[in-house]
Amino acid sequence: MFLFLLLAVVAVAASIAMITARNSIHSALFLVVDFFCLAVLYLTLNAEFLAAVQIVVYAGAIMVLFLFVITLLNPGNEETDDRLRGQRPLAVALGLALLVEVALLLRTQAIRDRLGDFPPATSFFEQVQTRINGTPTAPIGNVQAIGIELFTTYVLPFEVVSIVLLLAVIGAVVLAKRQLR
Amino acid sequence: MLESYGPVLILILLSSALAALVLGLSSIMGPRGLGRGARDTYESGIIPTTSARQRFPVRFALLAMLFLVFDIEVIFFYPWAVIFRRLGLYGLIEMLLFIGLLFVGYIYAFKKGALNWE
Amino acid sequence: MAPLSYYFILSAVLFTIGTIGVLIRKNPLIMFMSIELMLNAANLSFASFARARNLLSGQVIAFFVIAVAAAEVVVGLAIIVSIFRSRQSVDVDDVSMLKG
């Protein structure tokens, strides 16, 4: 509980700092802090592989790409003028309205009943094991369980991911290649 | 279950303590004033010719983009490799399809010269 | 362990901050980072549901979200780079026309 509150406070503070920082490199670094907090939160949710992937992909690869593009675009400085001053309060108001909606939703009794709460910690992998192995005794790791789920139930989405990635390669080459010469 | 990450926590604490110690000691014990040349990039070396805040070439960004795509591909290899025996031929064909599609992208990038550094 | 609804509230707060970030910033890179934050908030919900329902599907879908987010970042940043190259500015208000 204490860990969750600590992580939540750090994550929210880092994300607010991210959207308000004047320097976009600072924004990127605050976002990395956010990703680390979320990775630890995934650990508390028994999603070990997801936590590792979060750090490897988000903190490792995506943020490096962001930093490369930031250094490519504005080595010097920052946005200076604000043409749409009136947009800011409106944006914050709309965002808070969204938050209030979700909070009201979570307070509704019918929804709370359906959501329930976390089952006790031990039962999670036992249940997953039982569904996959037929017996709760044979130990199974998070990576194995995810692999079985991914490569049996979700074969088609998995193959579609390769098409999405192929399109990303082609898009990046077509869009960025023009500038190479 | 989270207790098993205790060593990681200790490692994080130790490394941040070390960083704080090194930075703190050098700020306490180091010389104070900024003399002539202390603000230079190399205090007693080559005088920099241009600002360090230059544009990075697009090449870096393009390579990082391609790296990101193949990084995701590798992420999907891990669970596959762990349960390869259980899946057998079925898993092999699945993965060959996946790699095959991405290999098309790799050949495309290669042929377009996106991987040349010259 | 914190109750399930706490995780949802955190996820909603992060998502809201991401939305506000997209709306108030004019630097497209920071708008992109805010979108990443929103995707991460959604992933947190997926992981919480996976844990609450004793199903791994939520975690698997989080992987698909990560893969799609990566593809989106690649293409989006390539577009930003190419817009910047053609008009030397990345202010989103300058790119309000469809004609290049």
# chains A, B, ... in the order shown; residues from 1 in each chain; ligands from 1
>>> closest_atom_pairs(of="chain C", to="chain A", cutoff="8 Å", atoms="only C-alpha atoms", output="Markdown table")
| residue | atom | partner | partner_atom | distance |
| --- | --- | --- | --- | --- |
| C:Met1 | CA | A:Met1 | CA | 5.1 |
| C:Ala2 | CA | A:Met1 | CA | 4.8 |
| C:Pro3 | CA | A:Asp117 | CA | 6.2 |
| C:Leu4 | CA | A:Asp117 | CA | 5.2 |
| C:Ser5 | CA | A:Leu106 | CA | 7.3 |
| C:Ile9 | CA | A:Ala103 | CA | 7.1 |
| C:Leu10 | CA | A:Ala8 | CA | 6.5 |
| C:Ala12 | CA | A:Leu99 | CA | 6.4 |
| C:Val13 | CA | A:Leu99 | CA | 6.5 |
| C:Leu14 | CA | A:Val12 | CA | 6.5 |
| C:Thr16 | CA | A:Gly95 | CA | 5.4 |
| C:Ile17 | CA | A:Ile16 | CA | 6.6 |
| C:Gly18 | CA | A:Ser15 | CA | 7.8 |
| C:Thr19 | CA | A:Gly95 | CA | 6.2 |
| C:Ile20 | CA | A:Gly95 | CA | 5.5 |
| C:Gly21 | CA | A:Ile19 | CA | 5.2 |
| C:Leu23 | CA | A:Ala91 | CA | 5.6 |
| C:Ile24 | CA | A:Arg88 | CA | 5.3 |
| C:Arg25 | CA | A:Ile19 | CA | 7.4 |
| C:Lys26 | CA | A:Glu79 | CA | 7.7 |
| C:Asn27 | CA | A:Glu79 | CA | 7.0 |
| C:Leu29 | CA | A:Ile70 | CA | 7.5 |
| C:Ile30 | CA | A:Ser24 | CA | 6.8 |
| C:Met33 | CA | A:Leu31 | CA | 7.4 |
| C:Ser34 | CA | A:Ile19 | CA | 7.3 |
| C:Leu37 | CA | A:Leu31 | CA | 7.7 |
| C:Asn40 | CA | A:Leu38 | CA | 7.8 |
| C:Leu44 | CA | A:Tyr42 | CA | 7.3 |
| C:Ala47 | CA | A:Leu45 | CA | 6.7 |
| C:Ser48 | CA | A:Leu45 | CA | 6.4 |
| C:Arg51 | CA | A:Leu45 | CA | 6.0 |
| C:Ala52 | CA | A:Phe118 | CA | 4.5 |
| C:Arg53 | CA | A:Phe118 | CA | 7.7 |
| C:Asn54 | CA | A:Phe124 | CA | 5.3 |
| C:Leu55 | CA | A:Val128 | CA | 6.8 |
| C:Leu56 | CA | A:Ile146 | CA | 6.7 |
| C:Ser57 | CA | A:Glu149 | CA | 7.2 |
| C:Gln59 | CA | A:Leu50 | CA | 7.0 |
| C:Val60 | CA | A:Leu150 | CA | 6.3 |
| C:Ala62 | CA | A:Leu50 | CA | 7.8 |
| C:Phe63 | CA | A:Leu50 | CA | 7.3 |
| C:Phe64 | CA | A:Val161 | CA | 7.2 |
| C:Ala67 | CA | A:Val161 | CA | 7.0 |
| C:Val68 | CA | A:Val164 | CA | 7.1 |
| C:Ala70 | CA | A:Ile62 | CA | 7.0 |
| C:Ala71 | CA | A:Ala168 | CA | 5.2 |
| C:Glu72 | CA | A:Ala168 | CA | 7.4 |
| C:Val73 | CA | A:Ile62 | CA | 7.5 |
| C:Val74 | CA | A:Ala168 | CA | 6.3 |
| C:Val75 | CA | A:Ala172 | CA | 5.6 |
| C:Leu77 | CA | A:Val69 | CA | 7.2 |
| C:Ala78 | CA | A:Ala172 | CA | 5.5 |
| C:Ile79 | CA | A:Leu175 | CA | 6.4 |
| C:Val81 | CA | A:Ala176 | CA | 7.1 |
| C:Ser82 | CA | A:Leu175 | CA | 6.3 |
| C:Phe84 | CA | A:Leu73 | CA | 7.2 |
| C:Arg85 | CA | A:Gln179 | CA | 7.5 |
| C:Val90 | CA | A:Leu73 | CA | 7.8 |
| C:Asp91 | CA | A:Glu79 | CA | 7.8 |
>>> closest_atom_pairs(of="chain B", to="chain A", cutoff="6 Å", atoms="only C-alpha atoms", output="JSON lines")
{"residue": "B:Arg53", "atom": "CA", "partner": "A:Pro75", "partner_atom": "CA", "distance": 5.1}
{"residue": "B:Gln54", "atom": "CA", "partner": "A:Pro75", "partner_atom": "CA", "distance": 5.9}
{"residue": "B:Arg55", "atom": "CA", "partner": "A:Leu72", "partner_atom": "CA", "distance": 4.9}
{"residue": "B:Phe56", "atom": "CA", "partner": "A:Leu72", "partner_atom": "CA", "distance": 4.8}
{"residue": "B:Ala61", "atom": "CA", "partner": "A:Phe68", "partner_atom": "CA", "distance": 5.5}
{"residue": "B:Ala64", "atom": "CA", "partner": "A:Leu65", "partner_atom": "CA", "distance": 5.5}
{"residue": "B:Leu68", "atom": "CA", "partner": "A:Ala61", "partner_atom": "CA", "distance": 5.7}
{"residue": "B:Pro79", "atom": "CA", "partner": "A:Gly147", "partner_atom": "CA", "distance": 4.4}
{"residue": "B:Trp80", "atom": "CA", "partner": "A:Gly147", "partner_atom": "CA", "distance": 5.7}
{"residue": "B:Ile83", "atom": "CA", "partner": "A:Gln144", "partner_atom": "CA", "distance": 6.0}
{"residue": "B:Phe98", "atom": "CA", "partner": "A:Ser162", "partner_atom": "CA", "distance": 5.6}
{"residue": "B:Leu102", "atom": "CA", "partner": "A:Leu166", "partner_atom": "CA", "distance": 5.5}
{"residue": "B:Gly105", "atom": "CA", "partner": "A:Leu166", "partner_atom": "CA", "distance": 5.2}
>>> write_last_selection(atoms="N, CA and C atoms", output="PDB file, in the first residue's frame")
ATOM      1  N   ARG B  53      25.579  22.036 -29.278  1.00  0.00           N
ATOM      2  CA  ARG B  53      24.154  21.863 -29.549  1.00  0.00           C
ATOM      3  C   ARG B  53      23.884  21.975 -31.039  1.00  0.00           C
ATOM      4  N   GLN B  54      24.436  21.044 -31.778  1.00  0.00           N
ATOM      5  CA  GLN B  54      24.215  21.053 -33.210  1.00  0.00           C
ATOM      6  C   GLN B  54      23.058  20.131 -33.556  1.00  0.00           C
ATOM      7  N   ARG B  55      22.599  20.253 -34.807  1.00  0.00           N
ATOM      8  CA  ARG B  55      21.628  19.286 -35.303  1.00  0.00           C
ATOM      9  C   ARG B  55      22.307  17.944 -35.457  1.00  0.00           C
ATOM     10  N   PHE B  56      21.646  16.926 -34.956  1.00  0.00           N
ATOM     11  CA  PHE B  56      22.108  15.582 -35.261  1.00  0.00           C
ATOM     12  C   PHE B  56      21.581  15.229 -36.642  1.00  0.00           C
ATOM     13  N   ALA B  61      18.260   9.321 -36.247  1.00  0.00           N
ATOM     14  CA  ALA B  61      16.835   9.091 -35.968  1.00  0.00           C
ATOM     15  C   ALA B  61      16.327   7.903 -36.769  1.00  0.00           C
ATOM     16  N   ALA B  64      17.507   4.738 -35.241  1.00  0.00           N
ATOM     17  CA  ALA B  64      16.788   4.476 -33.999  1.00  0.00           C
ATOM     18  C   ALA B  64      15.392   3.962 -34.293  1.00  0.00           C
ATOM     19  N   LEU B  68      14.013   0.366 -33.141  1.00  0.00           N
ATOM     20  CA  LEU B  68      12.817   0.213 -32.307  1.00  0.00           C
ATOM     21  C   LEU B  68      11.924  -0.905 -32.842  1.00  0.00           C
ATOM     22  N   PRO B  79       9.090 -14.932 -25.149  1.00  0.00           N
ATOM     23  CA  PRO B  79       8.139 -15.953 -24.696  1.00  0.00           C
ATOM     24  C   PRO B  79       8.087 -17.141 -25.652  1.00  0.00           C
ATOM     25  N   TRP B  80       8.348 -16.874 -26.933  1.00  0.00           N
ATOM     26  CA  TRP B  80       8.340 -17.961 -27.907  1.00  0.00           C
ATOM     27  C   TRP B  80       9.475 -18.942 -27.615  1.00  0.00           C
ATOM     28  N   ILE B  83       8.818 -21.249 -24.571  1.00  0.00           N
ATOM     29  CA  ILE B  83       7.868 -22.365 -24.689  1.00  0.00           C
ATOM     30  C   ILE B  83       7.985 -23.051 -26.037  1.00  0.00           C
ATOM     31  N   PHE B  98       5.971 -14.700 -38.944  1.00  0.00           N
ATOM     32  CA  PHE B  98       6.239 -13.403 -38.306  1.00  0.00           C
ATOM     33  C   PHE B  98       7.565 -12.831 -38.804  1.00  0.00           C
ATOM     34  N   LEU B 102       8.577  -9.509 -41.371  1.00  0.00           N
ATOM     35  CA  LEU B 102       9.489  -8.448 -40.971  1.00  0.00           C
ATOM     36  C   LEU B 102      10.749  -8.447 -41.819  1.00  0.00           C
ATOM     37  N   GLY B 105      10.449  -6.178 -44.619  1.00  0.00           N
ATOM     38  CA  GLY B 105      10.770  -4.806 -44.248  1.00  0.00           C
ATOM     39  C   GLY B 105      12.261  -4.577 -44.163  1.00  0.00           C
TER      40      GLY B 105
END
>>> interface_residues(of="chain B", to="chain C", cutoff="9 Å", atoms="only C-alpha atoms", output="list of chain:residue names")
B:Val58, B:Ala61, B:Leu62, B:Ala64, B:Met65, B:Leu66, B:Leu68, B:Val69, B:Ile72, B:Glu73, B:Phe76
>>> closest_residue(among="B:Pro31, B:Ser44, B:Ser16, B:Phe77", to="Leu96 of chain B", atoms="only C-alpha atoms")
B:Phe77
>>> atom_distance(atom1="atom CA of Thr108 of chain A", atom2="atom CA of Leu6 of chain A")
26.7 Å
>>> residues_around(residues="Ser11 of chain C", least_positions_apart="6", cutoff="8 Å", atoms="only C-alpha atoms", output="list of chain:residue names")
C:Ala41, C:Ala42, C:Leu44, C:Ser45
>>> select_by_dssp(residues="segment 4-117 of chain B", states="helix (DSSP H, G or I)", output="MDAnalysis selection string")
chainID B and resid 4:29 58:82 84:87 89:111
>>> atom_distance(atom1="atom CA of Val10 of chain A", atom2="atom CA of Cys37 of chain A")
7.3 Å
>>> atom_distance(atom1="atom CA of Val22 of chain C", atom2="atom CA of Phe46 of chain C")
22.2 Å
>>> decode(residues="segment 149-169 of chain A", atoms="N, CA and C atoms", output="mmCIF file, in the first residue's frame")
data_model
loop_
_atom_site.group_PDB
_atom_site.id
_atom_site.type_symbol
_atom_site.label_atom_id
_atom_site.label_comp_id
_atom_site.auth_asym_id
_atom_site.auth_seq_id
_atom_site.Cartn_x
_atom_site.Cartn_y
_atom_site.Cartn_z
ATOM 1 N N GLU A 149 -0.292 -18.093 -23.798
ATOM 2 C CA GLU A 149 -1.468 -17.308 -24.147
ATOM 3 C C GLU A 149 -1.291 -16.627 -25.507
ATOM 4 N N LEU A 150 -0.091 -16.082 -25.705
ATOM 5 C CA LEU A 150 0.188 -15.289 -26.912
ATOM 6 C C LEU A 150 0.201 -16.162 -28.156
ATOM 7 N N PHE A 151 0.771 -17.358 -28.058
ATOM 8 C CA PHE A 151 0.971 -18.148 -29.272
ATOM 9 C C PHE A 151 -0.128 -19.171 -29.509
ATOM 10 N N THR A 152 -1.102 -19.242 -28.608
ATOM 11 C CA THR A 152 -2.237 -20.111 -28.903
ATOM 12 C C THR A 152 -3.515 -19.302 -29.078
ATOM 13 N N THR A 153 -3.910 -18.569 -28.040
ATOM 14 C CA THR A 153 -5.173 -17.830 -28.146
ATOM 15 C C THR A 153 -5.057 -16.640 -29.080
ATOM 16 N N TYR A 154 -3.884 -15.964 -29.023
ATOM 17 C CA TYR A 154 -3.772 -14.701 -29.745
ATOM 18 C C TYR A 154 -2.833 -14.814 -30.941
ATOM 19 N N VAL A 155 -2.927 -15.927 -31.693
ATOM 20 C CA VAL A 155 -2.032 -16.106 -32.841
ATOM 21 C C VAL A 155 -2.271 -15.027 -33.881
ATOM 22 N N LEU A 156 -3.521 -14.786 -34.198
ATOM 23 C CA LEU A 156 -3.821 -13.867 -35.288
ATOM 24 C C LEU A 156 -3.366 -12.446 -34.980
ATOM 25 N N PRO A 157 -3.728 -11.900 -33.795
ATOM 26 C CA PRO A 157 -3.186 -10.575 -33.473
ATOM 27 C C PRO A 157 -1.662 -10.553 -33.528
ATOM 28 N N PHE A 158 -1.046 -11.643 -33.100
ATOM 29 C CA PHE A 158 0.415 -11.703 -33.114
ATOM 30 C C PHE A 158 0.950 -11.546 -34.535
ATOM 31 N N GLU A 159 0.313 -12.242 -35.481
ATOM 32 C CA GLU A 159 0.785 -12.117 -36.864
ATOM 33 C C GLU A 159 0.488 -10.725 -37.417
ATOM 34 N N VAL A 160 -0.646 -10.156 -36.973
ATOM 35 C CA VAL A 160 -0.978 -8.810 -37.456
ATOM 36 C C VAL A 160 0.050 -7.801 -36.965
ATOM 37 N N VAL A 161 0.587 -8.040 -35.752
ATOM 38 C CA VAL A 161 1.622 -7.142 -35.236
ATOM 39 C C VAL A 161 2.791 -7.071 -36.201
ATOM 40 N N SER A 162 3.126 -8.228 -36.826
ATOM 41 C CA SER A 162 4.265 -8.181 -37.742
ATOM 42 C C SER A 162 3.941 -7.311 -38.943
ATOM 43 N N ILE A 163 2.665 -7.312 -39.382
ATOM 44 C CA ILE A 163 2.306 -6.429 -40.498
ATOM 45 C C ILE A 163 2.415 -4.974 -40.073
ATOM 46 N N VAL A 164 1.946 -4.681 -38.844
ATOM 47 C CA VAL A 164 2.040 -3.303 -38.343
ATOM 48 C C VAL A 164 3.493 -2.857 -38.300
ATOM 49 N N LEU A 165 4.361 -3.751 -37.824
ATOM 50 C CA LEU A 165 5.777 -3.380 -37.734
ATOM 51 C C LEU A 165 6.378 -3.210 -39.126
ATOM 52 N N LEU A 166 5.945 -4.079 -40.057
ATOM 53 C CA LEU A 166 6.432 -3.939 -41.439
ATOM 54 C C LEU A 166 6.057 -2.576 -42.000
ATOM 55 N N LEU A 167 4.800 -2.175 -41.747
ATOM 56 C CA LEU A 167 4.367 -0.867 -42.235
ATOM 57 C C LEU A 167 5.160 0.248 -41.574
ATOM 58 N N ALA A 168 5.502 0.064 -40.283
ATOM 59 C CA ALA A 168 6.294 1.093 -39.605
ATOM 60 C C ALA A 168 7.663 1.224 -40.262
ATOM 61 N N VAL A 169 8.278 0.072 -40.609
ATOM 62 C CA VAL A 169 9.592 0.127 -41.279
ATOM 63 C C VAL A 169 9.462 0.890 -42.584
#
